[in-house]
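> Have a look at the structure that comes next, please.
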Amino acid sequence: MNDLISLIIPYYKKISYIERALSSIYKQTYQKFEIIIVYDDSNLQELYFLNKIINKKYKIKIIVNKKNLGAGYSRNVGIEKSKGSYIAFLDADDYWHKKKLQIQLNFMKKKKANFSFTSYNIINIKKKIIGVIPAMKILSYNQLIKSCDIGLSTVMIKRHILKKNKFSNMKTKEDYALWLSIAKDTKLYGINKILTTWQKSANSLSSGTLQKVKDAYHLYNCHMKYGPFKSIFSTLILSINFIKKRYL
């Protein structure tokens, strides 16, 4: 269906945030969307809560994984079950500005873009803004390989791009790996407007500095097939650029 946007939300133990995320979807000025929640927890206790809070006014499909597959594979499952010509991702602890979908869709149609992302705020558990990541107008593969400046929950992609590009089974940085694969032959357009808020939480898989370094090395060495020395060098460059963005 033309201009239907499929919204993919992987869910794993985010009971404190999911209502906020869904509320930001309900308030969107653009309303031609479907919501697909992929429940990725073998414990079904929070599934009952999810079914209670969803707004029956909206088309919401809840897919229950038989076992924990991770966020990347869960998004792949959601994509396979979706019907939209555009795919947008929202993590259960993040949320959107009310005009996010409308602005992004209009931008992509005007630019004839297959991939777009936006600027975003970073907040802590006290809801205080602790950082802002701006979106570059166009992000090339060579720029992306040195610094991951794309927030998962800011992304919208034309459906056909995801037919040959899938999220990997890595526990973290699975989104970064996908963006790199797409960037090899697709322009990545940025919208320098803060349309998304990203929640930084203490128990996030990617919150620890050491974990980020390990994940980056794994990405370059195993996913990108770099050798050990190039992987170490690339990890160092990525880490330096991360420090510059967040602390300098």
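Just remember, in the structure tokens the first chain shown is A, the second B, etc., residues are 1-based per chain, and ligands are 1-based in the order shown.
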Apply DSSP to the structure's backbone, then extract all residues of stretch 4-232 of chain A labelled strand (DSSP E) and return them as a VMD selection string.
chain A and resid 5 to 11 33 to 39 60 to 64 86 to 89 95 to 96 115 to 123 129 to 133 138 to 139 156 to 158 188 to 199
> So that I can see what lies close to A:Asn65, please list as a PyMOL selection string the residues with an atom at most 12 Å from it, counting only C-alpha atoms and leaving out residues fewer than 3 positions away in the same chain.
chain A and resi 10-12+37-44+47+62+68-71+73-78
> Convert the current residue selection to file output with N, CA and C atoms, as a short mmCIF file (atom, residue, chain, number, x, y, z; two decimals), in the first residue's frame.

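Output contents, as saved in out.cif:
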```cif
data_model
loop_
_atom_site.label_atom_id
_atom_site.label_comp_id
_atom_site.auth_asym_id
_atom_site.auth_seq_id
_atom_site.Cartn_x
_atom_site.Cartn_y
_atom_site.Cartn_z
N PRO A 10 10.87 -3.97 18.70
CA PRO A 10 11.22 -5.18 19.44
C PRO A 10 11.02 -4.91 20.93
N TYR A 11 10.49 -5.88 21.64
CA TYR A 11 10.19 -5.67 23.06
C TYR A 11 10.86 -6.73 23.92
N TYR A 12 11.66 -6.25 24.89
CA TYR A 12 12.28 -7.15 25.87
C TYR A 12 12.45 -6.40 27.18
N ILE A 37 4.73 -5.06 17.12
CA ILE A 37 5.56 -5.28 18.31
C ILE A 37 6.01 -6.74 18.31
N VAL A 38 7.30 -6.95 18.39
CA VAL A 38 7.84 -8.32 18.43
C VAL A 38 8.27 -8.60 19.86
N TYR A 39 7.49 -9.41 20.55
CA TYR A 39 7.73 -9.75 21.96
C TYR A 39 8.82 -10.80 22.03
N ASP A 40 9.98 -10.42 22.59
CA ASP A 40 11.17 -11.26 22.52
C ASP A 40 11.60 -11.77 23.89
N ASP A 41 10.64 -12.23 24.67
CA ASP A 41 10.93 -12.69 26.03
C ASP A 41 10.18 -14.01 26.27
N SER A 42 10.89 -15.03 26.70
CA SER A 42 10.26 -16.33 26.96
C SER A 42 9.31 -16.25 28.16
N ASN A 43 9.52 -15.26 29.04
CA ASN A 43 8.61 -15.01 30.15
C ASN A 43 7.44 -14.17 29.62
N LEU A 44 6.24 -14.72 29.68
CA LEU A 44 5.09 -14.06 29.06
C LEU A 44 4.35 -13.10 30.00
N LEU A 47 3.68 -9.75 28.59
CA LEU A 47 2.82 -9.80 27.41
C LEU A 47 1.38 -9.46 27.78
N ILE A 62 0.95 -8.00 17.56
CA ILE A 62 1.97 -8.47 18.50
C ILE A 62 2.41 -9.86 18.08
N ASN A 68 14.05 -16.19 22.99
CA ASN A 68 14.72 -14.89 22.86
C ASN A 68 15.68 -14.91 21.68
N LEU A 69 15.40 -14.05 20.68
CA LEU A 69 16.21 -14.00 19.45
C LEU A 69 17.13 -12.79 19.39
N GLY A 70 16.89 -11.80 20.25
CA GLY A 70 17.67 -10.58 20.18
C GLY A 70 16.94 -9.52 19.34
N ALA A 71 17.34 -8.27 19.52
CA ALA A 71 16.66 -7.15 18.86
C ALA A 71 16.76 -7.20 17.34
N TYR A 73 17.26 -9.83 15.14
CA TYR A 73 16.42 -10.86 14.53
C TYR A 73 14.94 -10.55 14.73
N SER A 74 14.60 -9.96 15.87
CA SER A 74 13.20 -9.60 16.13
C SER A 74 12.73 -8.55 15.12
N ARG A 75 13.58 -7.60 14.79
CA ARG A 75 13.22 -6.61 13.77
C ARG A 75 13.04 -7.29 12.41
N ASN A 76 13.90 -8.26 12.11
CA ASN A 76 13.75 -8.99 10.84
C ASN A 76 12.39 -9.70 10.79
N VAL A 77 11.99 -10.28 11.91
CA VAL A 77 10.68 -10.95 11.98
C VAL A 77 9.57 -9.94 11.72
N GLY A 78 9.67 -8.76 12.36
CA GLY A 78 8.67 -7.72 12.16
C GLY A 78 8.60 -7.24 10.73
#
```
> Which neighbours of A:Met156 fall inside 12 Å, counting only C-alpha atoms, when residues of the same chain fewer than 5 positions from it are skipped, and could you give them as a VMD selection string?
chain A and resid 3 to 8 84 to 90 100 to 109 113 to 118 150 to 151 161 to 162 179 188 to 191
> Please dump the current selection as a CSV table (one decimal), in the first residue's frame; keep N, CA and C atoms.

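The result, written out as selection.csv:
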```csv
chain,number,residue,atom,x,y,z
A,3,ASP,N,2.6,4.6,0.7
A,3,ASP,CA,2.8,5.5,1.9
A,3,ASP,C,2.4,4.9,3.2
A,4,LEU,N,2.0,3.6,3.3
A,4,LEU,CA,1.8,3.0,4.6
A,4,LEU,C,3.2,2.8,5.2
A,5,ILE,N,3.3,3.2,6.5
A,5,ILE,CA,4.6,3.0,7.2
A,5,ILE,C,4.4,1.9,8.2
A,6,SER,N,5.3,1.0,8.2
A,6,SER,CA,5.3,-0.1,9.2
A,6,SER,C,6.2,0.3,10.3
A,7,LEU,N,5.8,0.3,11.5
A,7,LEU,CA,6.6,0.7,12.6
A,7,LEU,C,6.9,-0.6,13.4
A,8,ILE,N,8.2,-0.9,13.5
A,8,ILE,CA,8.7,-2.1,14.1
A,8,ILE,C,9.3,-1.8,15.5
A,84,GLY,N,3.9,-2.3,4.9
A,84,GLY,CA,4.2,-0.9,4.5
A,84,GLY,C,5.3,-0.8,3.4
A,85,SER,N,5.2,0.3,2.6
A,85,SER,CA,6.2,0.5,1.6
A,85,SER,C,7.4,1.2,2.3
A,86,TYR,N,7.2,1.7,3.5
A,86,TYR,CA,8.2,2.4,4.3
A,86,TYR,C,8.3,1.6,5.6
A,87,ILE,N,9.5,1.5,6.1
A,87,ILE,CA,9.7,0.8,7.4
A,87,ILE,C,10.4,1.8,8.4
A,88,ALA,N,9.9,2.0,9.6
A,88,ALA,CA,10.5,2.8,10.6
A,88,ALA,C,10.7,2.0,11.9
A,89,PHE,N,11.7,2.3,12.6
A,89,PHE,CA,12.1,1.5,13.8
A,89,PHE,C,12.0,2.4,15.0
A,90,LEU,N,11.4,1.8,16.1
A,90,LEU,CA,11.4,2.5,17.4
A,90,LEU,C,11.7,1.5,18.5
A,100,LYS,N,7.3,13.6,13.5
A,100,LYS,CA,8.4,12.8,13.0
A,100,LYS,C,8.1,12.1,11.7
A,101,LEU,N,7.1,11.3,11.7
A,101,LEU,CA,6.7,10.5,10.5
A,101,LEU,C,6.4,11.4,9.3
A,102,GLN,N,5.6,12.4,9.6
A,102,GLN,CA,5.2,13.3,8.5
A,102,GLN,C,6.4,14.0,7.9
A,103,ILE,N,7.2,14.6,8.7
A,103,ILE,CA,8.4,15.3,8.2
A,103,ILE,C,9.3,14.4,7.4
A,104,GLN,N,9.6,13.2,8.0
A,104,GLN,CA,10.5,12.2,7.3
A,104,GLN,C,9.9,11.7,6.0
A,105,LEU,N,8.7,11.4,6.0
A,105,LEU,CA,8.0,10.8,4.8
A,105,LEU,C,8.1,11.9,3.7
A,106,ASN,N,7.7,13.1,4.0
A,106,ASN,CA,7.7,14.2,3.0
A,106,ASN,C,9.1,14.4,2.5
A,107,PHE,N,10.1,14.4,3.4
A,107,PHE,CA,11.5,14.6,3.0
A,107,PHE,C,11.9,13.5,2.0
A,108,MET,N,11.6,12.2,2.3
A,108,MET,CA,12.0,11.1,1.5
A,108,MET,C,11.4,11.1,0.1
A,109,LYS,N,10.1,11.5,0.1
A,109,LYS,CA,9.4,11.6,-1.2
A,109,LYS,C,10.0,12.7,-2.1
A,113,ALA,N,14.5,9.5,-1.7
A,113,ALA,CA,15.4,8.8,-0.9
A,113,ALA,C,14.9,7.5,-0.5
A,114,ASN,N,15.9,6.5,-0.3
A,114,ASN,CA,15.6,5.2,0.1
A,114,ASN,C,15.8,5.0,1.6
A,115,PHE,N,16.6,5.9,2.2
A,115,PHE,CA,17.0,5.8,3.6
A,115,PHE,C,17.2,7.2,4.2
A,116,SER,N,16.6,7.4,5.3
A,116,SER,CA,16.8,8.7,6.0
A,116,SER,C,16.9,8.5,7.5
A,117,PHE,N,17.5,9.4,8.2
A,117,PHE,CA,17.6,9.4,9.7
A,117,PHE,C,17.6,10.9,10.1
A,118,THR,N,17.4,11.1,11.4
A,118,THR,CA,17.2,12.4,12.0
A,118,THR,C,18.2,12.7,13.1
A,150,ILE,N,24.1,7.4,13.4
A,150,ILE,CA,22.7,7.2,13.1
A,150,ILE,C,22.0,6.5,14.3
A,151,GLY,N,21.0,7.1,14.8
A,151,GLY,CA,20.2,6.5,15.9
A,151,GLY,C,19.2,5.6,15.3
A,161,ILE,N,14.8,-1.9,0.1
A,161,ILE,CA,16.2,-1.9,0.5
A,161,ILE,C,16.4,-3.1,1.5
A,162,LEU,N,15.4,-3.4,2.3
A,162,LEU,CA,15.6,-4.5,3.3
A,162,LEU,C,15.4,-5.9,2.8
A,179,TRP,N,23.4,-0.6,8.7
A,179,TRP,CA,23.6,0.7,8.0
A,179,TRP,C,24.9,0.7,7.1
A,188,LEU,N,22.6,7.8,2.3
A,188,LEU,CA,22.0,7.9,3.6
A,188,LEU,C,21.7,9.4,3.8
A,189,TYR,N,20.5,9.8,3.8
A,189,TYR,CA,20.1,11.2,3.9
A,189,TYR,C,19.8,11.5,5.4
A,190,GLY,N,20.3,12.6,5.9
A,190,GLY,CA,20.0,13.1,7.3
A,190,GLY,C,19.1,14.3,7.3
A,191,ILE,N,18.3,14.3,8.3
A,191,ILE,CA,17.4,15.5,8.5
A,191,ILE,C,17.8,16.1,9.8
```
> Based on the backbone DSSP call, show me all residues of stretch 2-245 of chain A assigned helix (DSSP H, G or I), as a PyMOL selection string.
chain A and resi 18-26+45-53+71-80+100-111+141-144+152-154+159-163+174-183+209-223+228-245
> Counting only C-alpha atoms, figure out which residue out of A:Ile182, A:Tyr217, A:Lys52, A:Ile60 gets nearest to A:His160.
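Closest candidate: A:Ile182.
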> Tell me which of A:Ser181, A:Asn165, A:Ser16, A:Asn121 sits closest to A:Tyr141, counting only C-alpha atoms.
A:Ser181
> Would you mind listing what lies within 10 Å of A:Lys163 as a ChimeraX atom specification, with only C-alpha atoms counted and same-chain residues fewer than 3 positions away left out?
/A:79-80,158-160,166
> Those residues with C-alpha atoms, as an mmCIF file, in the first residue's frame please?

```cif
data_model
loop_
_atom_site.group_PDB
_atom_site.id
_atom_site.type_symbol
_atom_site.label_atom_id
_atom_site.label_comp_id
_atom_site.auth_asym_id
_atom_site.auth_seq_id
_atom_site.Cartn_x
_atom_site.Cartn_y
_atom_site.Cartn_z
ATOM 1 C CA ILE A 79 9.806 -6.648 8.704
ATOM 2 C CA GLU A 80 8.756 -10.006 7.216
ATOM 3 C CA LYS A 158 12.040 2.068 1.777
ATOM 4 C CA ARG A 159 10.920 -1.525 2.017
ATOM 5 C CA HIS A 160 12.807 -2.872 -1.012
ATOM 6 C CA LYS A 166 18.999 -7.756 7.122
#
```
> I'd like the neighbourhood of A:Lys127 as a VMD selection string, where a residue qualifies if any of its atoms comes within 12 Å (using only C-alpha atoms), though same-chain residues fewer than 3 positions away should be ignored.
chain A and resid 17 93 to 95 121 to 124 130 to 131 197 to 201
> What does the distance between atom CA of A:Glu34 and atom CA of A:Asp149 come to in Å, to one decimal place?
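These two atoms are separated by 27.0 Å.
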